[in-house]
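Asker: Supplied structure: protein_9.txt, compact mmCIF, C-alpha atoms.
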# COMPACT_ATOMS: atom_id res chain seq x y z
CA MET A 1 125.87 64.36 148.66
CA SER A 2 124.80 66.20 151.80
CA SER A 3 121.94 68.63 151.69
CA SER A 4 124.26 71.49 152.71
CA LYS A 5 126.05 71.25 149.37
CA LEU A 6 122.83 71.94 147.50
CA TYR A 7 122.77 75.55 148.65
CA HIS A 8 124.50 78.09 146.39
CA LEU A 9 124.38 81.78 145.55
CA TYR A 10 123.30 81.36 141.94
CA HIS A 11 119.79 81.82 140.60
CA ILE A 12 118.79 78.70 138.69
CA VAL A 13 115.85 79.71 136.52
CA THR A 14 112.89 77.41 135.97
CA PRO A 15 112.39 75.85 132.50
CA SER A 16 111.15 78.52 130.12
CA PRO A 17 109.84 78.33 126.53
CA TRP A 18 110.95 81.88 125.67
CA PRO A 19 114.51 81.13 124.46
CA LEU A 20 113.10 78.65 121.93
CA VAL A 21 110.31 81.03 120.91
CA THR A 22 112.83 83.86 120.50
CA SER A 23 115.03 81.67 118.31
CA ILE A 24 112.09 80.77 116.09
CA GLY A 25 111.14 84.45 115.81
CA ALA A 26 114.71 85.45 114.96
CA TYR A 27 114.86 82.78 112.27
CA GLY A 28 111.56 83.97 110.78
CA LEU A 29 112.68 87.61 110.96
CA THR A 30 115.95 86.93 109.13
CA THR A 31 114.46 84.56 106.57
CA GLY A 32 111.52 86.84 105.89
CA GLY A 33 113.83 89.81 105.44
CA VAL A 34 115.95 87.95 102.89
CA LEU A 35 112.84 86.77 101.02
CA TYR A 36 111.42 90.30 101.02
CA PHE A 37 114.67 91.78 99.68
CA HIS A 38 114.57 89.25 96.85
CA PHE A 39 110.93 90.15 96.03
CA PHE A 40 109.28 86.90 97.13
CA SER A 41 105.53 87.35 97.50
CA ASP A 42 105.23 86.16 101.12
CA GLY A 43 108.56 87.51 102.33
CA SER A 44 107.01 90.49 104.11
CA LEU A 45 104.48 88.21 105.86
CA VAL A 46 107.23 85.92 107.19
CA PHE A 47 109.19 88.98 108.29
CA LEU A 48 106.25 90.47 110.20
CA LEU A 49 105.41 87.14 111.85
CA GLY A 50 109.03 86.78 113.02
CA LEU A 51 109.04 90.35 114.33
CA GLN A 52 105.77 89.85 116.23
CA THR A 53 107.10 86.60 117.71
CA ILE A 54 110.24 88.34 118.99
CA ILE A 55 108.23 91.20 120.51
CA LEU A 56 105.88 88.76 122.25
CA ALA A 57 108.75 86.63 123.56
CA ALA A 58 110.68 89.68 124.75
CA PHE A 59 107.66 91.05 126.62
CA THR A 60 106.86 87.78 128.37
CA TRP A 61 110.50 86.89 129.03
CA TRP A 62 111.27 90.24 130.64
CA ARG A 63 108.00 90.03 132.56
CA ASP A 64 109.26 86.80 134.12
CA VAL A 65 112.61 88.43 134.97
CA VAL A 66 110.81 91.30 136.71
CA ARG A 67 108.73 88.84 138.69
CA GLU A 68 111.85 86.95 139.77
CA SER A 69 113.51 90.18 140.87
CA THR A 70 110.62 92.10 142.43
CA PHE A 71 108.27 89.50 143.86
CA GLU A 72 110.34 86.33 144.30
CA GLY A 73 113.54 87.94 145.58
CA CYS A 74 115.78 85.82 143.36
CA HIS A 75 118.13 88.65 142.38
CA THR A 76 120.49 88.66 145.33
CA THR A 77 123.62 90.80 145.45
CA PHE A 78 125.64 87.94 143.97
CA VAL A 79 123.15 87.47 141.13
CA GLN A 80 123.08 91.21 140.45
CA ASN A 81 126.86 91.26 140.06
CA GLY A 82 126.56 88.60 137.38
CA LEU A 83 123.82 90.54 135.62
CA ARG A 84 125.94 93.71 135.74
CA LEU A 85 128.76 91.83 134.06
CA GLY A 86 126.31 90.61 131.43
CA VAL A 87 125.17 94.17 130.68
CA VAL A 88 128.79 95.36 130.41
CA LEU A 89 129.66 92.53 128.01
CA PHE A 90 126.57 93.33 125.95
CA ILE A 91 127.65 96.98 125.64
CA VAL A 92 131.16 95.83 124.67
CA SER A 93 129.64 93.73 121.89
CA GLU A 94 127.73 96.81 120.73
CA VAL A 95 131.00 98.76 120.66
CA MET A 96 132.45 96.10 118.37
CA PHE A 97 129.31 96.32 116.22
CA PHE A 98 129.72 100.05 115.60
CA SER A 99 133.49 99.71 115.23
CA GLY A 100 132.83 97.85 111.98
CA PHE A 101 130.91 100.82 110.58
CA PHE A 102 133.63 103.27 111.61
CA TRP A 103 136.25 100.99 110.09
CA ALA A 104 134.37 100.94 106.76
CA PHE A 105 133.96 104.71 106.81
CA PHE A 106 137.62 105.52 107.49
CA HIS A 107 138.80 102.81 105.10
CA SER A 108 136.81 104.45 102.31
CA SER A 109 137.36 108.09 103.23
CA LEU A 110 141.11 107.99 103.85
CA ALA A 111 141.78 106.32 100.48
CA PRO A 112 138.94 107.14 98.06
CA THR A 113 139.03 104.93 94.99
CA ILE A 114 138.99 106.08 91.38
CA GLU A 115 135.31 105.10 91.13
CA LEU A 116 134.59 107.78 93.75
CA GLY A 117 136.65 110.36 91.90
CA SER A 118 139.50 109.94 94.41
CA VAL A 119 137.78 112.49 96.66
CA TRP A 120 135.66 112.38 99.78
CA PRO A 121 132.74 112.92 99.96
CA PRO A 122 132.31 111.29 96.54
CA ILE A 123 131.39 113.44 93.57
CA GLY A 124 127.65 114.00 93.42
CA ILE A 125 127.07 113.58 97.17
CA GLU A 126 125.70 116.66 98.92
CA ALA A 127 126.63 115.94 102.53
CA PHE A 128 124.82 117.39 105.52
CA TYR A 129 126.19 120.52 107.14
CA ALA A 130 127.55 119.40 110.50
CA TRP A 131 126.65 122.55 112.44
CA ASP A 132 122.98 122.47 111.53
CA VAL A 133 120.62 119.65 112.62
CA PRO A 134 123.48 117.23 113.51
CA PHE A 135 124.89 119.72 116.01
CA LEU A 136 121.42 120.31 117.47
CA ASN A 137 121.00 116.56 117.86
CA THR A 138 124.36 116.43 119.62
CA LEU A 139 123.20 119.04 122.13
CA VAL A 140 119.93 117.16 122.63
CA LEU A 141 121.70 113.89 123.41
CA LEU A 142 124.22 115.55 125.72
CA LEU A 143 121.36 117.21 127.59
CA SER A 144 119.56 113.86 127.85
CA GLY A 145 122.76 112.41 129.35
CA ALA A 146 122.66 115.14 131.98
CA THR A 147 119.00 114.53 132.82
CA ILE A 148 119.41 110.75 133.16
CA THR A 149 122.44 111.38 135.41
CA TRP A 150 120.23 113.61 137.51
CA SER A 151 117.64 110.83 137.72
CA HIS A 152 120.27 108.35 138.92
CA PHE A 153 121.45 110.73 141.63
CA ALA A 154 117.85 111.39 142.71
CA LEU A 155 117.05 107.67 142.81
CA VAL A 156 120.05 106.94 145.02
CA LYS A 157 118.96 109.78 147.35
CA ASN A 158 115.34 108.47 147.48
CA LEU A 159 113.98 111.59 145.74
CA GLN A 160 111.06 110.01 143.94
CA ASN A 161 109.63 113.16 142.33
CA ASN A 162 113.01 114.36 141.07
CA THR A 163 113.74 110.92 139.66
CA LEU A 164 110.50 110.83 137.68
CA ILE A 165 110.76 114.43 136.46
CA SER A 166 114.29 113.90 135.16
CA LEU A 167 113.28 110.66 133.46
CA TYR A 168 110.32 112.40 131.79
CA LEU A 169 112.72 115.03 130.45
CA THR A 170 115.06 112.32 129.19
CA ILE A 171 112.22 110.60 127.35
CA LEU A 172 111.10 113.88 125.74
CA LEU A 173 114.65 114.65 124.61
CA ALA A 174 115.02 111.15 123.18
CA ILE A 175 111.79 111.48 121.21
CA PHE A 176 112.90 114.90 119.98
CA PHE A 177 116.20 113.43 118.79
CA THR A 178 114.37 110.73 116.84
CA PHE A 179 112.07 113.35 115.30
CA LEU A 180 115.03 115.48 114.19
CA GLN A 181 116.79 112.49 112.66
CA ALA A 182 113.63 111.53 110.77
CA CYS A 183 113.38 115.07 109.42
CA GLU A 184 117.04 114.91 108.40
CA TYR A 185 116.46 111.70 106.47
CA THR A 186 113.52 113.20 104.60
CA GLU A 187 115.68 116.15 103.53
CA ALA A 188 118.62 114.00 102.38
CA THR A 189 119.62 114.28 98.73
CA PHE A 190 121.26 110.83 98.66
CA SER A 191 120.14 107.32 99.57
CA ILE A 192 121.76 104.23 101.07
CA SER A 193 122.58 102.98 97.55
CA ASP A 194 124.50 106.14 96.55
CA SER A 195 128.10 104.92 96.74
CA ILE A 196 129.93 103.78 99.84
CA TYR A 197 129.24 107.15 101.46
CA GLY A 198 125.48 106.62 101.47
CA THR A 199 125.89 103.06 102.71
CA CYS A 200 128.21 104.03 105.60
CA PHE A 201 126.10 107.06 106.50
CA TYR A 202 122.74 105.32 106.68
CA MET A 203 124.04 102.12 108.25
CA SER A 204 125.87 103.92 111.05
CA THR A 205 123.37 106.71 111.78
CA GLY A 206 120.38 104.45 111.10
CA PHE A 207 121.52 101.77 113.51
CA HIS A 208 122.31 104.46 116.05
CA GLY A 209 118.78 105.80 115.65
CA PHE A 210 117.48 102.26 116.18
CA HIS A 211 119.53 102.05 119.39
CA VAL A 212 118.08 105.39 120.49
CA LEU A 213 114.59 103.97 119.94
CA ILE A 214 115.40 100.85 121.96
CA GLY A 215 116.96 102.99 124.70
CA THR A 216 113.87 105.18 124.79
CA ILE A 217 111.63 102.14 125.30
CA PHE A 218 114.06 100.92 127.96
CA ILE A 219 113.87 104.22 129.84
CA ILE A 220 110.07 104.38 129.55
CA TYR A 221 109.76 100.90 131.02
CA THR A 222 112.20 101.80 133.80
CA THR A 223 110.18 104.93 134.55
CA ILE A 224 107.02 102.85 134.92
CA ARG A 225 108.78 100.49 137.34
CA ILE A 226 110.08 103.40 139.41
CA SER A 227 106.61 104.96 139.57
CA LEU A 228 105.33 101.59 140.88
CA PHE A 229 108.09 101.56 143.55
CA GLN A 230 109.63 98.39 142.11
CA LEU A 231 113.10 99.97 142.00
CA THR A 232 114.68 101.38 145.14
CA SER A 233 117.84 103.26 146.03
CA ASN A 234 119.76 100.06 146.74
CA HIS A 235 118.03 97.70 144.29
CA HIS A 236 117.77 99.25 140.81
CA LEU A 237 119.77 97.10 138.43
CA GLY A 238 117.19 97.58 135.67
CA PHE A 239 117.68 101.34 135.87
CA LEU A 240 121.47 100.96 135.85
CA ALA A 241 121.25 98.89 132.66
CA ALA A 242 119.20 101.62 130.96
CA PHE A 243 121.54 104.28 132.37
CA TRP A 244 124.68 102.61 131.02
CA TYR A 245 123.02 101.85 127.68
CA TRP A 246 122.00 105.48 127.23
CA TYR A 247 125.54 106.66 127.99
CA PHE A 248 126.77 104.26 125.33
CA VAL A 249 124.29 105.75 122.85
CA ASP A 250 125.55 109.26 123.69
CA VAL A 251 129.20 108.35 123.21
CA VAL A 252 128.57 106.62 119.88
CA TRP A 253 126.77 109.70 118.61
CA LEU A 254 129.72 111.92 119.56
CA PHE A 255 131.99 109.70 117.45
CA LEU A 256 129.45 109.79 114.61
CA PHE A 257 129.21 113.56 114.72
CA VAL A 258 132.96 114.14 114.79
CA SER A 259 133.88 111.55 112.16
CA ILE A 260 130.99 111.34 109.68
CA TYR A 261 129.26 114.71 109.98
CA TRP A 262 132.20 117.01 110.68
CA TRP A 263 135.53 115.47 109.66
CA GLY A 264 134.12 113.54 106.72
CA ASN A 265 132.39 116.58 105.25
CA THR A 266 134.75 119.47 105.94
CA ASP A 267 136.45 119.74 102.54
CA ILE A 268 136.84 117.75 99.35
CA LYS A 269 139.98 115.71 99.95
CA VAL A 270 142.29 114.99 97.03
CA LEU A 271 144.85 112.29 97.75
CA SER A 272 147.55 113.57 95.43
CA SER A 273 148.17 116.11 92.70
CA ASP A 274 148.36 113.25 90.20
CA ASN A 275 144.64 112.60 90.71
CA LEU A 276 143.63 116.26 90.40
CA PHE A 277 142.52 115.81 86.79
CA LEU A 278 139.93 113.30 87.99
CA VAL A 279 138.13 116.06 89.89
CA ILE A 280 138.29 118.75 87.19
Here is the file; what I need is its structure written in the form of structure tokens.
Answerer:
Amino acid sequence: MSSSKLYHLYHIVTPSPWPLVTSIGAYGLTTGGVLYFHFFSDGSLVFLLGLQTIILAAFTWWRDVVRESTFEGCHTTFVQNGLRLGVVLFIVSEVMFFSGFFWAFFHSSLAPTIELGSVWPPIGIEAFYAWDVPFLNTLVLLLSGATITWSHFALVKNLQNNTLISLYLTILLAIFFTFLQACEYTEATFSISDSIYGTCFYMSTGFHGFHVLIGTIFIIYTTIRISLFQLTSNHHLGFLAAFWYWYFVDVVWLFLFVSIYWWGNTDIKVLSSDNLFLVI
């Protein structure tokens, strides 16, 4: 084989221990969670050790990726196209993840069973009023989408100060959203174990809140890199990943607000007049 055939456009990474360490941490996290749920004495310890291992591996793994991109110049245009495709596929997998929650919600709400009183929301559930805190959270997320769009435009135009200011506003709005959701949870009159409604509500909104937290950390890290001039107008794939991820978070919340908060709580729905005696 001639030496000319050894040259290619791909980035072949050096051997790294972090995939193995991440796998061990994920195994400990899952196993510890199951043990904790079943009241084993050391379940919480195994869970925390797995979580700490994942956090450590993520920090060091992403540190290596930043080094490869910023200081070693390994992320060429061809490599960036592959990474963009990876981010898109990741977001598609997240769409499928939330689709399962929406499927469960509509499956239960469109045909409430007799155990639920054949109505939705189920009898005994005091649902949140959609045009109160949920609507405020919707406005907050939509405004954060506008500010992060402003930051992208400013970054492309090499407006460093505008980019940072808009990112600071996005971070503040994200933290405010998380604060409002935490306040909403504390005021809830039902829990995750209160019928299928409580399960669907907390699983969907809770996982969305978790994604908001991850997106906030993502944007904070991107802001630090921009302030250090590691991302430029023509080389900012890390920012694009955070930008697309935050748009995904915004869109999912719009579906959550319309379906779970508004449509699912508008009126008590009786499937047929034959089941009316179940409500009386």
Asker: Given all atoms listed in the file as the basis, pick out the residue of A:Ile219, A:Val258, A:Leu48, A:Cys200 nearest to Trp103 of chain A.
Answerer: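 For Trp103 of chain A, the nearest of the candidates is A:Cys200.
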Asker: Nearest to Ile125 of chain A: which of A:Ala188, A:Phe218, A:Thr205, A:Gly238 is it, counting only C-alpha atoms?
Answerer: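 Among the listed residues, the smallest separation from Ile125 of chain A belongs to A:Ala188.
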Asker: Which of these residues is nearest to Ser109 of chain A, using only C-alpha atoms: A:Gly209, A:Pro19, A:Gly124, A:Gly264?
Answerer: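 Closest residue, counting only C-alpha atoms: A:Gly264.
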Asker: Excluding segment 225-231 of chain A and residues on its chain fewer than 5 positions from it, collect all residues at most 12 Å away from it, counting only C-alpha atoms, and give them as a ChimeraX atom specification.
Answerer: /A:63,66-71,73,151-152,154-156,158-165,167-168,218-220,236-240
Asker: Can you list, as a PyMOL selection string, every protein, DNA or RNA residue that comes within 12 Å of Cys183 of chain A when you count all atoms listed in the file, leaving out same-chain residues fewer than 5 positions away?
Answerer: chain A and resi 133-134+137+176-178+188
Asker: So how many Å separate atom CA of Thr189 of chain A and atom CA of Glu126 of chain A, to one decimal?
Answerer: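 Distance reported for this atom pair: 6.5 Å.
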Asker: Do you have the atom CA of Gly25 of chain A-atom CA of His208 of chain A distance handy?
Answerer: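 A separation of 22.9 Å between them.
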Asker: Measuring between all atoms listed in the file, which one of A:Leu89, A:Ala58, A:Ile217, A:Ala242 shows the shortest distance to Thr149 of chain A?
Answerer: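 Under the stated criterion, the closest residue is A:Ala242.
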Asker: Find the residue from A:Ala57, A:Ser195, A:Leu169, A:Trp150 that sits nearest to Glu115 of chain A; use all atoms listed in the file when measuring.
Answerer: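 Result for the nearest residue to Glu115 of chain A: A:Ser195.
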Asker: Fewer than 4 positions away in the same chain doesn't count, so skip those; otherwise give me all residues within 12 Å of Leu35 of chain A, counting only C-alpha atoms, as a list of chain:residue names.
Answerer: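 Once the nearby chain positions are removed, what remains is A:Gly28, A:Leu29, A:Thr30, A:Thr31, A:Phe39, A:Phe40, A:Ser41, A:Asp42, A:Gly43, A:Ser44, A:Leu45, A:Val46, A:Phe47, A:Leu48.
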Asker: One number please: atom CA of Phe248 of chain A to atom CA of Val92 of chain A, in Å, one decimal.
Answerer: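 Atom CA of Phe248 of chain A sits 9.5 Å away from atom CA of Val92 of chain A.
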Asker: Starting from the point (116.2, 103.5, 103.1), work out which residues of protein, DNA or RNA have an atom no more than 12 Å away when counting all atoms listed in the file; state them as an mmCIF file with C-alpha atoms, keeping the file's coordinate frame.
Answerer:
data_model
loop_
_atom_site.group_PDB
_atom_site.id
_atom_site.type_symbol
_atom_site.label_atom_id
_atom_site.label_comp_id
_atom_site.auth_asym_id
_atom_site.auth_seq_id
_atom_site.Cartn_x
_atom_site.Cartn_y
_atom_site.Cartn_z
ATOM 1 C CA ALA A 182 113.630 111.530 110.770
ATOM 2 C CA TYR A 185 116.460 111.700 106.470
ATOM 3 C CA THR A 186 113.520 113.200 104.600
ATOM 4 C CA ALA A 188 118.620 114.000 102.380
ATOM 5 C CA PHE A 190 121.260 110.830 98.660
ATOM 6 C CA SER A 191 120.140 107.320 99.570
ATOM 7 C CA ILE A 192 121.760 104.230 101.070
ATOM 8 C CA SER A 193 122.580 102.980 97.550
ATOM 9 C CA ASP A 194 124.500 106.140 96.550
ATOM 10 C CA GLY A 198 125.480 106.620 101.470
ATOM 11 C CA THR A 199 125.890 103.060 102.710
ATOM 12 C CA PHE A 201 126.100 107.060 106.500
ATOM 13 C CA TYR A 202 122.740 105.320 106.680
ATOM 14 C CA MET A 203 124.040 102.120 108.250
ATOM 15 C CA THR A 205 123.370 106.710 111.780
ATOM 16 C CA GLY A 206 120.380 104.450 111.100
ATOM 17 C CA PHE A 207 121.520 101.770 113.510
#
Asker: Which residue out of A:Trp62, A:Trp244, A:Phe97, A:Phe105 has the minimum interatomic distance to Ile148 of chain A when only C-alpha atoms are used?
Answerer: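 Result for the nearest residue to Ile148 of chain A: A:Trp244.
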Asker: With 3 Å added on each side, what axis-aligned box encloses every listed atom of segment 176-194 of chain A? Give the centre and edge lengths in Å to one decimal, as AutoDock Vina command-line options.
Answerer:
--center_x 118.3 --center_y 109.6 --center_z 108.3 --size_x 18.4 --size_y 19.2 --size_z 29.4
